[in-house]
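Asker: Okay, so here is data01.pdb, and as you'll see once you scroll down, it has PDB, C-alpha atoms, pLDDT in the B column.
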```pdb
ATOM      1  CA  GLN X 293     122.432 212.618 -35.682  1.00 63.00           C
ATOM      2  CA  LYS X 294     121.296 210.359 -38.498  1.00 71.00           C
ATOM      3  CA  GLU X 295     119.729 207.065 -37.507  1.00 90.00           C
ATOM      4  CA  VAL X 296     122.094 205.041 -39.694  1.00 94.00           C
ATOM      5  CA  GLU X 297     125.433 206.552 -40.624  1.00 95.00           C
ATOM      6  CA  GLN X 298     127.938 205.546 -43.244  1.00 95.00           C
ATOM      7  CA  ASN X 299     130.985 207.259 -44.652  1.00 93.00           C
ATOM      8  CA  SER X 300     129.986 208.319 -48.150  1.00 91.00           C
ATOM      9  CA  GLY X 301     133.448 207.607 -49.572  1.00 91.00           C
ATOM     10  CA  PRO X 302     134.595 206.934 -52.134  1.00 95.00           C
ATOM     11  CA  LEU X 303     136.582 204.118 -50.611  1.00 97.00           C
ATOM     12  CA  SER X 304     139.257 203.121 -53.058  1.00 97.00           C
ATOM     13  CA  VAL X 305     141.009 199.761 -52.793  1.00 97.00           C
ATOM     14  CA  PRO X 306     143.252 197.874 -55.224  1.00 98.00           C
ATOM     15  CA  GLU X 307     142.041 194.687 -56.815  1.00 98.00           C
ATOM     16  CA  GLY X 308     142.615 191.700 -54.556  1.00 97.00           C
ATOM     17  CA  ALA X 309     142.631 193.723 -51.348  1.00 98.00           C
ATOM     18  CA  ILE X 310     140.130 193.600 -48.503  1.00 98.00           C
ATOM     19  CA  ALA X 311     137.495 196.336 -48.535  1.00 98.00           C
ATOM     20  CA  SER X 312     136.084 197.296 -45.148  1.00 98.00           C
ATOM     21  CA  LEU X 313     132.771 199.135 -45.004  1.00 98.00           C
ATOM     22  CA  ASN X 314     131.403 200.475 -41.750  1.00 97.00           C
ATOM     23  CA  CYS X 315     128.005 201.501 -40.420  1.00 97.00           C
ATOM     24  CA  THR X 316     126.801 202.843 -37.086  1.00 97.00           C
ATOM     25  CA  TYR X 317     123.222 203.111 -35.907  1.00 96.00           C
ATOM     26  CA  SER X 318     121.539 205.072 -33.167  1.00 94.00           C
ATOM     27  CA  ASP X 319     118.523 202.929 -32.217  1.00 90.00           C
ATOM     28  CA  ARG X 320     119.698 200.620 -29.450  1.00 90.00           C
ATOM     29  CA  VAL X 321     116.761 198.256 -29.861  1.00 89.00           C
ATOM     30  CA  SER X 322     117.630 197.470 -33.483  1.00 91.00           C
ATOM     31  CA  GLN X 323     117.660 193.733 -34.086  1.00 90.00           C
ATOM     32  CA  SER X 324     118.098 193.180 -37.819  1.00 92.00           C
ATOM     33  CA  PHE X 325     120.898 194.421 -40.019  1.00 94.00           C
ATOM     34  CA  PHE X 326     121.380 194.232 -43.763  1.00 95.00           C
ATOM     35  CA  TRP X 327     123.893 195.104 -46.418  1.00 97.00           C
ATOM     36  CA  TYR X 328     122.659 195.946 -49.898  1.00 96.00           C
ATOM     37  CA  ARG X 329     124.751 196.605 -52.992  1.00 97.00           C
ATOM     38  CA  GLN X 330     123.574 199.178 -55.511  1.00 96.00           C
ATOM     39  CA  TYR X 331     125.211 199.614 -58.875  1.00 95.00           C
ATOM     40  CA  SER X 332     124.889 203.010 -60.517  1.00 92.00           C
ATOM     41  CA  GLY X 333     121.439 203.417 -62.026  1.00 90.00           C
ATOM     42  CA  LYS X 334     120.187 200.142 -60.594  1.00 93.00           C
ATOM     43  CA  SER X 335     118.093 199.178 -57.597  1.00 94.00           C
ATOM     44  CA  PRO X 336     119.603 197.692 -54.411  1.00 94.00           C
ATOM     45  CA  GLU X 337     120.237 193.975 -54.126  1.00 94.00           C
ATOM     46  CA  LEU X 338     120.590 192.142 -50.837  1.00 93.00           C
ATOM     47  CA  ILE X 339     124.069 190.838 -50.020  1.00 95.00           C
ATOM     48  CA  MET X 340     123.930 189.842 -46.365  1.00 94.00           C
ATOM     49  CA  SER X 341     121.682 189.859 -43.349  1.00 93.00           C
ATOM     50  CA  ILE X 342     122.916 189.526 -39.768  1.00 95.00           C
ATOM     51  CA  TYR X 343     121.009 189.321 -36.523  1.00 93.00           C
ATOM     52  CA  SER X 344     123.468 188.152 -33.840  1.00 93.00           C
ATOM     53  CA  ASN X 345     126.699 189.596 -32.511  1.00 96.00           C
ATOM     54  CA  GLY X 346     129.798 188.279 -34.211  1.00 96.00           C
ATOM     55  CA  ASP X 347     130.724 187.404 -37.750  1.00 97.00           C
ATOM     56  CA  LYS X 348     128.712 185.902 -40.573  1.00 97.00           C
ATOM     57  CA  GLU X 349     130.502 184.744 -43.682  1.00 97.00           C
ATOM     58  CA  ASP X 350     129.123 184.170 -47.179  1.00 96.00           C
ATOM     59  CA  GLY X 351     131.706 183.594 -49.866  1.00 97.00           C
ATOM     60  CA  ARG X 352     133.949 186.645 -50.107  1.00 97.00           C
ATOM     61  CA  PHE X 353     131.666 188.662 -47.840  1.00 98.00           C
ATOM     62  CA  THR X 354     131.761 188.803 -44.042  1.00 98.00           C
ATOM     63  CA  ALA X 355     129.317 190.840 -41.999  1.00 98.00           C
ATOM     64  CA  GLN X 356     130.302 191.782 -38.468  1.00 98.00           C
ATOM     65  CA  LEU X 357     127.883 192.970 -35.799  1.00 97.00           C
ATOM     66  CA  ASN X 358     128.586 194.521 -32.408  1.00 97.00           C
ATOM     67  CA  LYS X 359     125.343 195.585 -30.778  1.00 95.00           C
ATOM     68  CA  ALA X 360     127.073 196.993 -27.690  1.00 95.00           C
ATOM     69  CA  SER X 361     128.963 199.433 -29.890  1.00 95.00           C
ATOM     70  CA  GLN X 362     126.018 199.819 -32.301  1.00 96.00           C
ATOM     71  CA  TYR X 363     128.285 199.008 -35.167  1.00 96.00           C
ATOM     72  CA  VAL X 364     127.977 196.758 -38.185  1.00 98.00           C
ATOM     73  CA  SER X 365     130.542 196.249 -40.903  1.00 98.00           C
ATOM     74  CA  LEU X 366     131.005 194.449 -44.191  1.00 98.00           C
ATOM     75  CA  LEU X 367     134.314 192.993 -45.313  1.00 98.00           C
ATOM     76  CA  ILE X 368     134.877 192.078 -48.931  1.00 98.00           C
ATOM     77  CA  ARG X 369     137.870 189.809 -49.479  1.00 98.00           C
ATOM     78  CA  ASP X 370     139.751 189.589 -52.773  1.00 98.00           C
ATOM     79  CA  SER X 371     137.983 192.701 -54.039  1.00 98.00           C
ATOM     80  CA  GLN X 372     137.191 192.742 -57.736  1.00 97.00           C
ATOM     81  CA  PRO X 373     136.461 195.673 -60.054  1.00 97.00           C
ATOM     82  CA  SER X 374     132.939 194.277 -60.344  1.00 97.00           C
ATOM     83  CA  ASP X 375     132.485 194.986 -56.622  1.00 98.00           C
ATOM     84  CA  SER X 376     132.635 198.709 -57.392  1.00 98.00           C
ATOM     85  CA  ALA X 377     129.239 199.989 -56.280  1.00 97.00           C
ATOM     86  CA  THR X 378     127.503 201.802 -53.457  1.00 96.00           C
ATOM     87  CA  TYR X 379     126.917 199.679 -50.367  1.00 97.00           C
ATOM     88  CA  LEU X 380     123.883 200.491 -48.266  1.00 96.00           C
ATOM     89  CA  CYS X 381     123.536 199.537 -44.626  1.00 96.00           C
ATOM     90  CA  ALA X 382     119.953 199.011 -43.441  1.00 94.00           C
ATOM     91  CA  VAL X 383     118.606 198.481 -39.951  1.00 94.00           C
ATOM     92  CA  SER X 384     115.263 197.545 -38.458  1.00 90.00           C
ATOM     93  CA  ARG X 385     113.933 197.043 -34.959  1.00 84.00           C
ATOM     94  CA  ASN X 386     112.501 193.599 -35.614  1.00 72.00           C
ATOM     95  CA  ALA X 387     110.612 191.500 -38.080  1.00 63.00           C
ATOM     96  CA  GLY X 388     107.797 193.450 -39.635  1.00 66.00           C
ATOM     97  CA  ASN X 389     109.339 196.836 -39.022  1.00 73.00           C
ATOM     98  CA  MET X 390     110.522 199.282 -41.639  1.00 81.00           C
ATOM     99  CA  LEU X 391     114.092 199.373 -42.821  1.00 88.00           C
ATOM    100  CA  THR X 392     116.110 202.512 -42.204  1.00 90.00           C
ATOM    101  CA  PHE X 393     118.872 202.985 -44.746  1.00 92.00           C
ATOM    102  CA  GLY X 394     122.200 204.694 -44.358  1.00 94.00           C
ATOM    103  CA  GLY X 395     123.452 207.079 -46.985  1.00 92.00           C
ATOM    104  CA  GLY X 396     125.686 204.436 -48.541  1.00 95.00           C
ATOM    105  CA  THR X 397     129.413 204.094 -49.097  1.00 96.00           C
ATOM    106  CA  ARG X 398     130.748 204.213 -52.610  1.00 97.00           C
ATOM    107  CA  LEU X 399     133.417 201.567 -53.171  1.00 98.00           C
ATOM    108  CA  MET X 400     135.883 201.742 -56.040  1.00 98.00           C
ATOM    109  CA  VAL X 401     138.064 198.717 -56.751  1.00 98.00           C
ATOM    110  CA  LYS X 402     140.919 199.627 -59.054  1.00 96.00           C
ATOM    111  CA  PRO X 403     142.487 197.007 -61.363  1.00 94.00           C
TER     112      PRO X 403
ATOM    113  CA  GLY C 257     114.423 185.838 -52.984  1.00 63.00           C
ATOM    114  CA  ALA C 258     111.072 187.106 -54.080  1.00 68.00           C
ATOM    115  CA  VAL C 259     110.826 188.557 -57.574  1.00 84.00           C
ATOM    116  CA  VAL C 260     109.362 192.018 -58.003  1.00 90.00           C
ATOM    117  CA  SER C 261     108.709 193.224 -61.525  1.00 93.00           C
ATOM    118  CA  GLN C 262     108.594 196.994 -61.959  1.00 95.00           C
ATOM    119  CA  HIS C 263     107.836 198.957 -65.102  1.00 95.00           C
ATOM    120  CA  PRO C 264     108.370 201.104 -66.937  1.00 97.00           C
ATOM    121  CA  SER C 265     112.093 201.239 -66.327  1.00 96.00           C
ATOM    122  CA  TRP C 266     112.373 204.708 -67.781  1.00 96.00           C
ATOM    123  CA  VAL C 267     109.797 207.355 -68.576  1.00 97.00           C
ATOM    124  CA  ILE C 268     110.038 210.878 -69.913  1.00 97.00           C
ATOM    125  CA  CYS C 269     106.993 213.088 -69.637  1.00 95.00           C
ATOM    126  CA  LYS C 270     105.955 216.703 -70.008  1.00 96.00           C
ATOM    127  CA  SER C 271     105.358 218.876 -66.986  1.00 97.00           C
ATOM    128  CA  GLY C 272     101.752 218.669 -65.807  1.00 96.00           C
ATOM    129  CA  THR C 273     101.100 215.137 -66.996  1.00 96.00           C
ATOM    130  CA  SER C 274     100.604 212.067 -64.831  1.00 97.00           C
ATOM    131  CA  VAL C 275     102.748 208.954 -64.813  1.00 97.00           C
ATOM    132  CA  LYS C 276     101.837 205.517 -63.503  1.00 97.00           C
ATOM    133  CA  ILE C 277     104.441 203.058 -62.258  1.00 97.00           C
ATOM    134  CA  GLU C 278     103.534 199.417 -61.678  1.00 96.00           C
ATOM    135  CA  CYS C 279     105.045 196.830 -59.394  1.00 94.00           C
ATOM    136  CA  ARG C 280     104.047 193.217 -59.686  1.00 91.00           C
ATOM    137  CA  SER C 281     104.927 190.339 -57.438  1.00 86.00           C
ATOM    138  CA  LEU C 282     105.617 187.341 -59.654  1.00 86.00           C
ATOM    139  CA  ASP C 283     105.896 184.430 -57.259  1.00 79.00           C
ATOM    140  CA  PHE C 284     104.418 185.522 -53.947  1.00 77.00           C
ATOM    141  CA  GLN C 285     101.526 187.384 -52.376  1.00 79.00           C
ATOM    142  CA  ALA C 286     102.549 190.951 -51.678  1.00 78.00           C
ATOM    143  CA  THR C 287     100.473 192.007 -48.719  1.00 78.00           C
ATOM    144  CA  THR C 288     102.771 194.952 -48.192  1.00 84.00           C
ATOM    145  CA  MET C 289     104.926 196.823 -50.664  1.00 89.00           C
ATOM    146  CA  PHE C 290     107.099 199.859 -50.132  1.00 93.00           C
ATOM    147  CA  TRP C 291     107.743 202.810 -52.423  1.00 95.00           C
ATOM    148  CA  TYR C 292     111.042 204.662 -52.315  1.00 96.00           C
ATOM    149  CA  ARG C 293     112.458 207.657 -54.099  1.00 96.00           C
ATOM    150  CA  GLN C 294     116.148 208.224 -54.697  1.00 94.00           C
ATOM    151  CA  PHE C 295     117.694 211.448 -55.950  1.00 92.00           C
ATOM    152  CA  PRO C 296     121.169 211.357 -57.534  1.00 87.00           C
ATOM    153  CA  LYS C 297     123.957 210.582 -55.082  1.00 83.00           C
ATOM    154  CA  GLN C 298     121.479 210.250 -52.222  1.00 86.00           C
ATOM    155  CA  SER C 299     120.152 207.273 -50.334  1.00 86.00           C
ATOM    156  CA  LEU C 300     116.730 205.709 -50.522  1.00 90.00           C
ATOM    157  CA  MET C 301     113.913 207.692 -48.983  1.00 91.00           C
ATOM    158  CA  LEU C 302     110.765 205.798 -48.037  1.00 92.00           C
ATOM    159  CA  MET C 303     107.719 207.504 -49.512  1.00 95.00           C
ATOM    160  CA  ALA C 304     104.900 205.225 -48.449  1.00 94.00           C
ATOM    161  CA  THR C 305     103.878 201.754 -47.408  1.00 91.00           C
ATOM    162  CA  SER C 306     101.321 200.164 -49.672  1.00 88.00           C
ATOM    163  CA  ASN C 307      98.867 197.742 -48.049  1.00 83.00           C
ATOM    164  CA  GLU C 308      96.669 195.474 -50.116  1.00 82.00           C
ATOM    165  CA  GLY C 309      93.050 196.448 -49.840  1.00 81.00           C
ATOM    166  CA  SER C 310      93.577 199.530 -47.714  1.00 83.00           C
ATOM    167  CA  LYS C 311      94.948 203.035 -47.910  1.00 86.00           C
ATOM    168  CA  ALA C 312      98.662 203.550 -48.151  1.00 91.00           C
ATOM    169  CA  THR C 313     100.601 204.981 -45.237  1.00 92.00           C
ATOM    170  CA  TYR C 314     102.653 207.989 -46.302  1.00 95.00           C
ATOM    171  CA  GLU C 315     105.842 209.243 -44.726  1.00 93.00           C
ATOM    172  CA  GLN C 316     106.007 212.760 -43.378  1.00 93.00           C
ATOM    173  CA  GLY C 317     106.475 215.305 -46.111  1.00 93.00           C
ATOM    174  CA  VAL C 318     105.155 213.106 -48.927  1.00 95.00           C
ATOM    175  CA  GLU C 319     102.030 214.539 -50.550  1.00 94.00           C
ATOM    176  CA  LYS C 320      99.442 211.791 -50.746  1.00 92.00           C
ATOM    177  CA  ASP C 321      97.369 213.696 -53.290  1.00 94.00           C
ATOM    178  CA  LYS C 322     100.358 213.982 -55.586  1.00 96.00           C
ATOM    179  CA  PHE C 323     101.681 210.459 -55.209  1.00 96.00           C
ATOM    180  CA  LEU C 324      98.674 208.183 -55.525  1.00 95.00           C
ATOM    181  CA  ILE C 325      99.229 204.606 -54.439  1.00 93.00           C
ATOM    182  CA  ASN C 326      96.836 201.805 -55.211  1.00 90.00           C
ATOM    183  CA  HIS C 327      97.296 198.240 -54.022  1.00 88.00           C
ATOM    184  CA  ALA C 328      94.107 196.593 -55.181  1.00 80.00           C
ATOM    185  CA  SER C 329      95.383 193.037 -55.402  1.00 85.00           C
ATOM    186  CA  LEU C 330      97.995 190.821 -53.795  1.00 84.00           C
ATOM    187  CA  THR C 331     100.138 190.980 -56.911  1.00 86.00           C
ATOM    188  CA  LEU C 332      99.948 194.584 -58.035  1.00 89.00           C
ATOM    189  CA  SER C 333     100.753 197.953 -56.482  1.00 91.00           C
ATOM    190  CA  THR C 334     100.850 201.170 -58.483  1.00 94.00           C
ATOM    191  CA  LEU C 335     102.283 204.616 -57.887  1.00 96.00           C
ATOM    192  CA  THR C 336     100.865 207.495 -59.914  1.00 97.00           C
ATOM    193  CA  VAL C 337     102.740 210.765 -59.950  1.00 97.00           C
ATOM    194  CA  THR C 338     100.055 213.332 -60.692  1.00 96.00           C
ATOM    195  CA  SER C 339     100.735 216.664 -62.381  1.00 96.00           C
ATOM    196  CA  ALA C 340     104.428 215.881 -62.516  1.00 96.00           C
ATOM    197  CA  HIS C 341     106.953 218.703 -62.370  1.00 96.00           C
ATOM    198  CA  PRO C 342     110.689 218.724 -63.041  1.00 96.00           C
ATOM    199  CA  GLU C 343     111.426 218.499 -59.308  1.00 95.00           C
ATOM    200  CA  ASP C 344     109.662 215.110 -59.304  1.00 96.00           C
ATOM    201  CA  SER C 345     112.358 213.742 -61.588  1.00 96.00           C
ATOM    202  CA  SER C 346     113.925 210.923 -59.622  1.00 96.00           C
ATOM    203  CA  PHE C 347     114.477 207.177 -59.396  1.00 97.00           C
ATOM    204  CA  TYR C 348     111.393 205.460 -57.977  1.00 97.00           C
ATOM    205  CA  ILE C 349     111.768 201.955 -56.553  1.00 97.00           C
ATOM    206  CA  CYS C 350     109.271 199.533 -55.079  1.00 95.00           C
ATOM    207  CA  SER C 351     110.103 196.693 -52.726  1.00 92.00           C
ATOM    208  CA  HIS C 352     108.420 193.786 -51.039  1.00 85.00           C
ATOM    209  CA  ARG C 353     108.916 192.403 -47.583  1.00 78.00           C
ATOM    210  CA  GLU C 354     108.887 188.637 -47.626  1.00 69.00           C
ATOM    211  CA  GLY C 355     106.447 187.176 -45.134  1.00 66.00           C
ATOM    212  CA  ILE C 356     106.930 188.444 -41.610  1.00 69.00           C
ATOM    213  CA  SER C 357     110.649 188.956 -42.068  1.00 70.00           C
ATOM    214  CA  ASP C 358     112.129 192.386 -42.583  1.00 76.00           C
ATOM    215  CA  ILE C 359     114.178 191.471 -45.627  1.00 81.00           C
ATOM    216  CA  GLN C 360     113.108 193.603 -48.566  1.00 85.00           C
ATOM    217  CA  TYR C 361     113.527 192.706 -52.227  1.00 86.00           C
ATOM    218  CA  PHE C 362     113.514 195.538 -54.703  1.00 92.00           C
ATOM    219  CA  GLY C 363     112.066 196.065 -58.138  1.00 94.00           C
ATOM    220  CA  ALA C 364     114.397 197.261 -60.873  1.00 95.00           C
ATOM    221  CA  GLY C 365     113.321 200.870 -60.427  1.00 96.00           C
ATOM    222  CA  THR C 366     111.784 203.522 -62.668  1.00 97.00           C
ATOM    223  CA  ARG C 367     113.736 206.564 -63.751  1.00 97.00           C
ATOM    224  CA  LEU C 368     111.341 209.474 -64.213  1.00 97.00           C
ATOM    225  CA  SER C 369     112.396 212.551 -66.137  1.00 97.00           C
ATOM    226  CA  VAL C 370     109.926 215.432 -66.239  1.00 97.00           C
ATOM    227  CA  LEU C 371     110.614 218.029 -68.897  1.00 95.00           C
TER     228      LEU C 371
END
```
Can the structure from this file be put into structure tokens for me?
Answerer:
Amino acid sequence: QKEVEQNSGPLSVPEGAIASLNCTYSDRVSQSFFWYRQYSGKSPELIMSIYSNGDKEDGRFTAQLNKASQYVSLLIRDSQPSDSATYLCAVSRNAGNMLTFGGGTRLMVKP
Amino acid sequence: GAVVSQHPSWVICKSGTSVKIECRSLDFQATTMFWYRQFPKQSLMLMATSNEGSKATYEQGVEKDKFLINHASLTLSTLTVTSAHPEDSSFYICSHREGISDIQYFGAGTRLSVL
């Protein structure tokens, strides 16, 4: 079992819809969770970080964390074609520890 | 977030030559930097952790004599791919962890093509 698992996709959604990206992790003591966006041929850029159970909203993005289920998700509202990218979930045990990345989910937003 | 400058962005070299990739921290002191490799359609794979003033810590399976990392100052870390071969062709990315947090900010990446 991989430490951080994501469906590779592609996940295809129409423009304006909500895109839902999911991630599960195996290390129960994980404390920090991140979503990065990576455009083709580019390096990852941080979108959201979340540390506590529940939802965290930032503009069109909402991260959701459920530590009991070892599950973290990213919702993108009003999806735009420019959101088309690979979304990487990353997890670490605590501050100062290494990040473990999932394989990424490729999102395609169709006009 | 912290700015990490990485160059070159793209390099093509002949098999058997060495290539140096630089990562500079522009507005912070980079005590620790990370080096990743990413093959097409795959996720990031951590190669090594670069510590200023000391030897890098390599991940299992990464040849330290082939991938030389030097972090001689708080603003510069370098990765040298020695005697490069076509199988070393990949996207190499450095990142910095800001302070004691675990948020990492990435350089723009270097695409290496070995002919």
Asker: Here's a test: counting all atoms listed in the file, identify every protein, DNA and RNA residue with an atom at most 7 Å from (138.0, 187.0, -52.7) in the file's coordinate frame, and state them as a list in words.
Answerer: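 Those residues lying close to the given coordinates are Gly308, Arg352, Arg369, Asp370 and Ser371 of chain X.
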Asker: Kindly give the distance, in Å, that separates CA of Gln360 (chain C) and CA of Glu319 (chain C), rounded to a single decimal.
Answerer: 23.8 Å
Asker: Which residues are near Asn358 (chain X)? Cut-off 10 Å, only C-alpha atoms, ignore same chain within fewer than 4 positions. Put them as a VMD selection string.
Answerer: chain X and resid 316 344 to 347 362 to 365
Asker: Using only C-alpha atoms, which residues of chain C come within 10 Å of chain X, and what is the closest atom pair for each, with the distance in Å to one decimal? Give it as CSV, sorted by chain and residue number.
Answerer:
```
residue,atom,partner,partner_atom,distance
C:Gly257,CA,X:Leu338,CA,9.1
C:Ser265,CA,X:Lys334,CA,10.0
C:Phe290,CA,X:Met390,CA,9.2
C:Gln294,CA,X:Ser335,CA,9.7
C:Pro296,CA,X:Gly333,CA,9.1
C:Lys297,CA,X:Gly395,CA,8.8
C:Gln298,CA,X:Gly395,CA,6.4
C:Ser299,CA,X:Gly395,CA,4.7
C:Leu300,CA,X:Phe393,CA,6.7
C:Met301,CA,X:Phe393,CA,8.0
C:Leu302,CA,X:Thr392,CA,8.6
C:Thr305,CA,X:Met390,CA,9.1
C:Phe347,CA,X:Gly333,CA,8.3
C:Tyr348,CA,X:Ser335,CA,9.2
C:Ile349,CA,X:Ser335,CA,7.0
C:Cys350,CA,X:Ser335,CA,9.2
C:Ser351,CA,X:Ser335,CA,9.7
C:Arg353,CA,X:Gly388,CA,8.1
C:Glu354,CA,X:Gly388,CA,9.4
C:Gly355,CA,X:Gly388,CA,8.5
C:Ile356,CA,X:Gly388,CA,5.5
C:Ser357,CA,X:Ala387,CA,4.7
C:Asp358,CA,X:Ala387,CA,4.8
C:Ile359,CA,X:Phe326,CA,7.9
C:Gln360,CA,X:Leu338,CA,8.0
C:Tyr361,CA,X:Glu337,CA,7.1
C:Phe362,CA,X:Pro336,CA,6.5
C:Gly363,CA,X:Ser335,CA,6.8
C:Ala364,CA,X:Ser335,CA,5.3
C:Gly365,CA,X:Ser335,CA,5.8
C:Thr366,CA,X:Ser335,CA,9.2
C:Arg367,CA,X:Gly333,CA,8.5
```
Asker: Considering all atoms listed in the file, state which residue in the set C:Val259, C:Leu330, C:Met289, C:Val337 is at the smallest distance from Val275 (chain C).
Answerer: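 Closest residue, counting all atoms listed in the file: C:Val337.
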Asker: Please measure the separation of CA of Cys279 (chain C) and CA of Leu332 (chain C), giving the value in Å to one decimal.
Answerer: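 Spanning CA of Cys279 (chain C) to CA of Leu332 (chain C) is a straight-line distance of 5.7 Å.
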Asker: Interatomic distance between CA of Met400 (chain X) and CA of Leu303 (chain X)?
Answerer: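 Taking CA of Met400 (chain X) and CA of Leu303 (chain X), their separation equals 6.0 Å.
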Asker: Fewer than 3 positions away in the same chain doesn't count, so skip those; otherwise give me all residues within 9 Å of Phe353 (chain X), counting all atoms listed in the file, as a ChimeraX atom specification.
Answerer: /X:339-340,348-350,366-369
Asker: Expanded to explicit residues, what is the PyMOL selection byres ((chain X and resi 297) around 8) for this file, as a list in words?
Answerer: Lys294, Glu295, Val296, Gln298, Asn299, Cys315, Thr316, Tyr317, Gly394 and Gly395 of chain X
Asker: Which residue gives the smallest distance to Ala360 (chain X) among X:Pro373, X:Gln330, X:Ser318, X:Tyr379, with only C-alpha atoms counted?
Answerer: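 Once distances to Ala360 (chain X) are computed over only C-alpha atoms, the minimum belongs to X:Ser318.
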Asker: Considering only C-alpha atoms, state which residue in the set X:Gly301, X:Gly351, X:Glu307, X:Lys359 is at the smallest distance from Asp375 (chain X).
Answerer: X:Glu307
Asker: Can you list, as a PyMOL selection string, the residues that the PyMOL selection byres ((chain C and resi 280) around 7) selects here?
Answerer: chain C and resi 260-262+278-279+281-282+331-333
Asker: List as a list in words the protein and nucleic acid residues near Lys322 (chain C), meaning an atom at most 10 Å away when only C-alpha atoms are counted, but skip any in the same chain fewer than 4 places from it.
Answerer: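 Contacts, with the query itself left out: Ser274, Val318, Leu335, Thr336, Val337, Thr338, Ser339 and Ala340 of chain C.
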